[in-house]
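Worksheet: the structure to be examined is printed underneath.
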Amino acid sequence: MRGLRDEAGGLHAIMRHGKHGACRCGDSPFVRAADLVGPHTARATLREDVEFAAAQKMAAVGTLAAGIAHEINTPVQFVGDSLQFLREGMNDILTVVDELQRVCRLVTQESPSAAIREALAALVKAEAAADLPYLRENVPQALDRCVDGLRRVSGIVSSIREFAHPARKEMAPVDLNRAITNTLTIARSEYAHLAELATDLRELPLVTCHVDQINQVVLNLVVNAAHAIGDVFRSSGIKGRLSVGTRMDGEDVVISVGDTGTGIPEAIREHIFEPFFTTKDVGRGTGQGLALAWTLVTEKHGGTLSYETALGKGTTFFVRLPRAGKPQPLIAAN
């Protein structure tokens with residue numbers, strides 16, 4: 001009996017051997033670890049692997065690297081185009097200014113009227129070639145685009161910096177809406193071409209949590225939602241809707257991430273939080289995103305992770321967290 005492990009080192013499946021080689025189970029010689037040692041033991045073993053969460057975070061950052069580079073490059077590109085336009089426009093403006101200065105010099109020197117007329121003719125010609133009305137209208141807009149593009153670059157870099165901030169051992173009060181906004185910014189390349197983003201981030205008090213872990217949970221849910229919307233988009237060509245919201249419910253804060261995908265088939269609903277369970281094509285999913293989210297929410301924060309789904313309409317996941325942090329176990333007095 002030989003175990004197979006994924007790239008993060010977690011036990012994935014086991015090859016069974018008999019006297020005559022591998023024993024086949026159905027059409028495959030591999031069986032899940034849970035089938036041999038029991039589902040509860042297997043899940044506990046996988047979820048207790050400390051490297052599991054760290055490997056997933058690094059994998060997520062690596063997956064998003066290309067998208068982040070694209071998001072940075074796009075505003076930088078139109079900033080460069082605008083600056084090129086400004087340079088050419090300024091050359092035309094300077095040509096007009098040169099002619100105006102020549103006219104001024106001629107008038108000052110009381111040049112013959114013929115020379116003045118010639119200078120004025122050249123000035124009119126230069127103004128026409130430069131298209132001053134066009135420059136007057138578009139130069140300010142180009143400058144505005146430069147400022148907006150640089151602001152976007154600054155926002156993306158700031159979001160990346162906050163998302164990748166080193167984790168703290170203790171929970172700390174954080175602005176959860178800001179953290180979610182940063183996560184949506186760096187994940188934009190996953191959903192922007194597939195869905196319209198709708199946010200309803202209501203006013204929240206500071207929430208005590210491990211913000212890096214909650215960032216990871218939201219990221220996993222957003223990527224999962226994008227994949228679900230993508231399945232519909234590829235067949236219909238119509239953009240879907242990604243909805244992200246926050247609200248207070250008593251002493252808990254609730255984060256919702258919804259999609260307009262195909263919904264979760266009833267036959268697999270009880271398995272979606274199991275490690276390595278996935279219905280996605282090779283290269284699109286490892287079956288660890290929802291499992292990790294479950295672990296971080298329930299075990300690390302004492303919260304709950306649930307969902308509502310309807311076939312053909314979509315799915316919404318709900319993350320419920322204690323606002324004051326994970327409740328500490330009571331210690332009995334002697």
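Ligands are numbered from 1 in the order shown, residues from 1 within each chain, and chains are lettered A, B, ... in the order they appear in the structure tokens.
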Exercise. So which bits of segment 113-324 of chain A end up strand (DSSP E or B) when you DSSP the backbone, as a PyMOL selection string?
Worked result: chain A and resi 172-174+195-201+207-209+240-249+252-259+304-310+314-322
For this session: Quick one: everything within 6 Å of Ser256 of chain A, counting only C-alpha atoms, minus sequence neighbours fewer than 5 positions away in the same chain. Send it as an MDAnalysis selection string.
Result: chainID A and resid 244:245 317:318
Problem set entry | Who sits within 10 Å of Ala310 of chain A, only C-alpha atoms, same chain under 6 positions skipped, as a PyMOL selection string | chain A and resi 260-266+316
How would the residues just chosen look if you wrote them out with C-alpha atoms as a PDB file, in the first residue's frame?
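And here is the file that came out, selection-v3.pdb:
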```
ATOM      1  CA  THR A 260     -24.486  33.706 -10.774  1.00  0.00           C
ATOM      2  CA  GLY A 261     -22.955  30.382 -11.745  1.00  0.00           C
ATOM      3  CA  THR A 262     -24.664  27.054 -12.328  1.00  0.00           C
ATOM      4  CA  GLY A 263     -25.191  26.215  -8.659  1.00  0.00           C
ATOM      5  CA  ILE A 264     -23.891  23.184  -6.767  1.00  0.00           C
ATOM      6  CA  PRO A 265     -25.377  19.816  -7.779  1.00  0.00           C
ATOM      7  CA  GLU A 266     -27.108  18.083  -4.880  1.00  0.00           C
ATOM      8  CA  THR A 316     -23.750  32.374  -2.081  1.00  0.00           C
TER       9      THR A 316
END
```
For this session: Write down as a ChimeraX atom specification the residues of segment 224-267 of chain A whose backbone DSSP state falls under alpha helix (DSSP H).
Result: /A:224-236
Problem set entry | Contact residues around Phe233 of chain A with only C-alpha atoms at 10 Å, ignoring same-chain residues under 3 positions, as a PyMOL selection string | chain A and resi 193-195+226-230+236-240+260-261
For this session: Mind checking which residues fall within 12 Å of Leu120 of chain A, counting only C-alpha atoms, ignoring those fewer than 3 positions away in the same chain, and posting them as a list in words?
Result: Val96, Glu99, Leu100, Gln101, Arg102, Val103, Cys104, Leu106, Val107, Ser113, Ala114, Ala115, Ile116, Arg117, Leu123, Val124, Lys125, Ala126 and Glu127 of chain A
Could you save the residues just selected, with all heavy atoms, as a short mmCIF file (atom, residue, chain, number, x, y, z; two decimals), in the first residue's frame?
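Dumped everything to part-v1.cif:
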```
data_model
loop_
_atom_site.label_atom_id
_atom_site.label_comp_id
_atom_site.auth_asym_id
_atom_site.auth_seq_id
_atom_site.Cartn_x
_atom_site.Cartn_y
_atom_site.Cartn_z
N VAL A 96 3.54 77.46 -31.80
CA VAL A 96 2.65 78.62 -31.80
C VAL A 96 3.25 79.75 -30.96
O VAL A 96 3.25 80.93 -31.35
CB VAL A 96 1.26 78.23 -31.29
CG1 VAL A 96 0.37 79.47 -31.15
CG2 VAL A 96 0.61 77.22 -32.22
N GLU A 99 5.97 81.60 -32.77
CA GLU A 99 5.47 82.55 -33.75
C GLU A 99 4.88 83.80 -33.09
O GLU A 99 5.05 84.92 -33.57
CB GLU A 99 4.42 81.88 -34.64
CG GLU A 99 4.97 80.77 -35.54
CD GLU A 99 6.03 81.28 -36.49
OE1 GLU A 99 5.95 82.44 -36.94
OE2 GLU A 99 6.98 80.51 -36.77
N LEU A 100 4.20 83.60 -31.99
CA LEU A 100 3.67 84.74 -31.25
C LEU A 100 4.78 85.65 -30.74
O LEU A 100 4.69 86.89 -30.78
CB LEU A 100 2.81 84.26 -30.09
CG LEU A 100 1.44 83.66 -30.43
CD1 LEU A 100 0.80 83.05 -29.19
CD2 LEU A 100 0.53 84.72 -31.05
N GLN A 101 5.84 85.04 -30.30
CA GLN A 101 6.97 85.84 -29.81
C GLN A 101 7.62 86.60 -30.95
O GLN A 101 8.07 87.75 -30.79
CB GLN A 101 7.99 84.92 -29.13
CG GLN A 101 7.50 84.36 -27.79
CD GLN A 101 8.48 83.38 -27.19
OE1 GLN A 101 9.30 82.78 -27.89
NE2 GLN A 101 8.39 83.21 -25.87
N ARG A 102 7.67 85.97 -32.11
CA ARG A 102 8.25 86.68 -33.26
C ARG A 102 7.39 87.88 -33.64
O ARG A 102 7.90 88.96 -33.96
CB ARG A 102 8.38 85.72 -34.45
CG ARG A 102 9.18 86.32 -35.63
CD ARG A 102 9.61 85.21 -36.59
NE ARG A 102 8.50 84.72 -37.37
CZ ARG A 102 8.16 85.23 -38.57
NH1 ARG A 102 8.84 86.24 -39.09
NH2 ARG A 102 7.16 84.71 -39.24
N VAL A 103 6.05 87.69 -33.59
CA VAL A 103 5.15 88.81 -33.87
C VAL A 103 5.38 89.94 -32.87
O VAL A 103 5.45 91.13 -33.23
CB VAL A 103 3.69 88.34 -33.85
CG1 VAL A 103 2.75 89.54 -33.88
CG2 VAL A 103 3.41 87.41 -35.01
N CYS A 104 5.50 89.55 -31.63
CA CYS A 104 5.73 90.56 -30.59
C CYS A 104 7.02 91.34 -30.85
O CYS A 104 7.07 92.57 -30.68
CB CYS A 104 5.77 89.90 -29.22
SG CYS A 104 4.16 89.28 -28.68
N LEU A 106 8.50 91.82 -33.71
CA LEU A 106 8.35 92.68 -34.90
C LEU A 106 7.55 93.94 -34.56
O LEU A 106 7.88 95.04 -35.01
CB LEU A 106 7.66 91.90 -36.02
CG LEU A 106 8.48 90.77 -36.67
CD1 LEU A 106 7.63 90.00 -37.65
CD2 LEU A 106 9.72 91.34 -37.37
N VAL A 107 6.48 93.75 -33.79
CA VAL A 107 5.67 94.92 -33.42
C VAL A 107 6.49 95.87 -32.57
O VAL A 107 6.45 97.10 -32.74
CB VAL A 107 4.41 94.47 -32.66
CG1 VAL A 107 3.68 95.68 -32.08
CG2 VAL A 107 3.49 93.69 -33.59
N SER A 113 4.69 97.11 -42.04
CA SER A 113 3.41 96.43 -41.96
C SER A 113 3.38 95.14 -42.78
O SER A 113 2.67 94.20 -42.44
CB SER A 113 2.28 97.35 -42.43
OG SER A 113 2.54 97.79 -43.76
N ALA A 114 4.15 95.09 -43.84
CA ALA A 114 4.21 93.86 -44.63
C ALA A 114 4.79 92.71 -43.81
O ALA A 114 4.31 91.57 -43.88
CB ALA A 114 5.04 94.09 -45.89
N ALA A 115 5.82 93.02 -43.04
CA ALA A 115 6.43 92.00 -42.19
C ALA A 115 5.45 91.54 -41.12
O ALA A 115 5.38 90.35 -40.77
CB ALA A 115 7.71 92.53 -41.55
N ILE A 116 4.71 92.50 -40.58
CA ILE A 116 3.73 92.14 -39.56
C ILE A 116 2.66 91.24 -40.17
O ILE A 116 2.25 90.24 -39.57
CB ILE A 116 3.10 93.41 -38.96
CG1 ILE A 116 4.16 94.18 -38.15
CG2 ILE A 116 1.91 93.04 -38.06
CD1 ILE A 116 3.65 95.47 -37.58
N ARG A 117 2.23 91.63 -41.38
CA ARG A 117 1.22 90.79 -42.03
C ARG A 117 1.75 89.38 -42.30
O ARG A 117 1.04 88.39 -42.16
CB ARG A 117 0.78 91.46 -43.34
CG ARG A 117 -0.10 92.69 -43.14
CD ARG A 117 -0.80 93.05 -44.43
NE ARG A 117 0.15 93.36 -45.48
CZ ARG A 117 0.62 94.60 -45.71
NH1 ARG A 117 0.22 95.61 -44.95
NH2 ARG A 117 1.47 94.83 -46.69
N LEU A 123 1.46 82.96 -38.06
CA LEU A 123 0.83 82.63 -36.78
C LEU A 123 -0.48 81.89 -37.01
O LEU A 123 -0.76 80.87 -36.36
CB LEU A 123 0.60 83.92 -35.98
CG LEU A 123 -0.19 83.76 -34.67
CD1 LEU A 123 0.54 82.82 -33.72
CD2 LEU A 123 -0.40 85.12 -34.03
N VAL A 124 -1.28 82.39 -37.93
CA VAL A 124 -2.55 81.74 -38.22
C VAL A 124 -2.33 80.33 -38.74
O VAL A 124 -3.04 79.38 -38.37
CB VAL A 124 -3.35 82.57 -39.24
CG1 VAL A 124 -4.59 81.80 -39.71
CG2 VAL A 124 -3.76 83.92 -38.63
N LYS A 125 -1.31 80.18 -39.59
CA LYS A 125 -1.00 78.86 -40.15
C LYS A 125 -0.57 77.89 -39.05
O LYS A 125 -0.97 76.72 -39.03
CB LYS A 125 0.09 79.00 -41.20
CG LYS A 125 0.44 77.68 -41.89
CD LYS A 125 1.51 77.89 -42.96
CE LYS A 125 1.87 76.59 -43.64
NZ LYS A 125 2.91 76.79 -44.69
N ALA A 126 0.27 78.39 -38.12
CA ALA A 126 0.74 77.55 -37.02
C ALA A 126 -0.41 77.14 -36.10
O ALA A 126 -0.48 76.00 -35.63
CB ALA A 126 1.81 78.29 -36.22
N GLU A 127 -1.32 78.07 -35.85
CA GLU A 127 -2.48 77.75 -35.00
C GLU A 127 -3.35 76.68 -35.64
O GLU A 127 -3.85 75.77 -34.96
CB GLU A 127 -3.31 79.02 -34.76
CG GLU A 127 -2.64 80.03 -33.83
CD GLU A 127 -3.51 81.26 -33.63
OE1 GLU A 127 -4.48 81.43 -34.40
OE2 GLU A 127 -3.20 82.04 -32.73
#
```
For this session: To one decimal in Å, tell me the separation between atom CA of Thr246 of chain A and atom CA of Leu201 of chain A.
Result: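 For atom CA of Thr246 of chain A relative to atom CA of Leu201 of chain A, the distance reads 4.8 Å.
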Problem set entry | Which residue of A:Ala121, A:Leu83, A:Leu132, A:Ala198 approaches Arg145 of chain A most closely, using only C-alpha atoms |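 That would be A:Leu83, the residue with the smallest distance to Arg145 of chain A.
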For this session: Mind checking which residues fall within 12 Å of Thr304 of chain A, counting only C-alpha atoms, ignoring those fewer than 2 positions away in the same chain, and posting them as a PyMOL selection string?
Result: chain A and resi 217+252-256+293-302+306-307+317-322+326
All residues 9 Å or closer to Glu162 of chain A, only C-alpha atoms, same chain fewer than 6 positions away omitted, as a compact mmCIF listing (two decimals) with all heavy atoms, in the first residue's frame:
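Result written to result17.txt:
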```txt
# COMPACT_ATOMS: atom_id res chain seq x y z
N ALA A 179 -9.95 45.32 4.44
CA ALA A 179 -9.24 44.09 4.07
C ALA A 179 -9.91 43.41 2.88
O ALA A 179 -9.24 42.94 1.95
CB ALA A 179 -9.18 43.14 5.26
N ASN A 182 -9.22 45.34 -0.34
CA ASN A 182 -7.86 45.06 -0.83
C ASN A 182 -7.81 43.71 -1.53
O ASN A 182 -7.18 43.56 -2.60
CB ASN A 182 -6.87 45.07 0.33
CG ASN A 182 -6.61 46.46 0.88
OD1 ASN A 182 -6.78 47.46 0.16
ND2 ASN A 182 -6.20 46.56 2.13
N ASP A 212 -4.89 38.01 7.90
CA ASP A 212 -4.29 37.31 6.76
C ASP A 212 -5.08 36.05 6.42
O ASP A 212 -5.26 35.70 5.26
CB ASP A 212 -2.83 36.96 7.05
CG ASP A 212 -2.67 36.05 8.26
OD1 ASP A 212 -3.17 36.43 9.34
OD2 ASP A 212 -2.06 34.97 8.14
```
Problem set entry | A:Ala187, A:Leu135, A:Ala324, A:Leu94 ranked by distance to Gly250 of chain A, top pick (using only C-alpha atoms) |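 For Gly250 of chain A, the nearest of the given residues is A:Ala324.
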Exercise. Could you state the separation of atom CA of Asn220 of chain A and atom CA of Leu290 of chain A in Å, given to one decimal place?
Worked result: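 These two atoms are separated by 6.8 Å.
You can rank A:Asn177, A:Ser243, A:Ser158, A:Asn91 by their closest distance to Glu203 of chain A using only C-alpha atoms, and at the top of that list sits A:Asn177.
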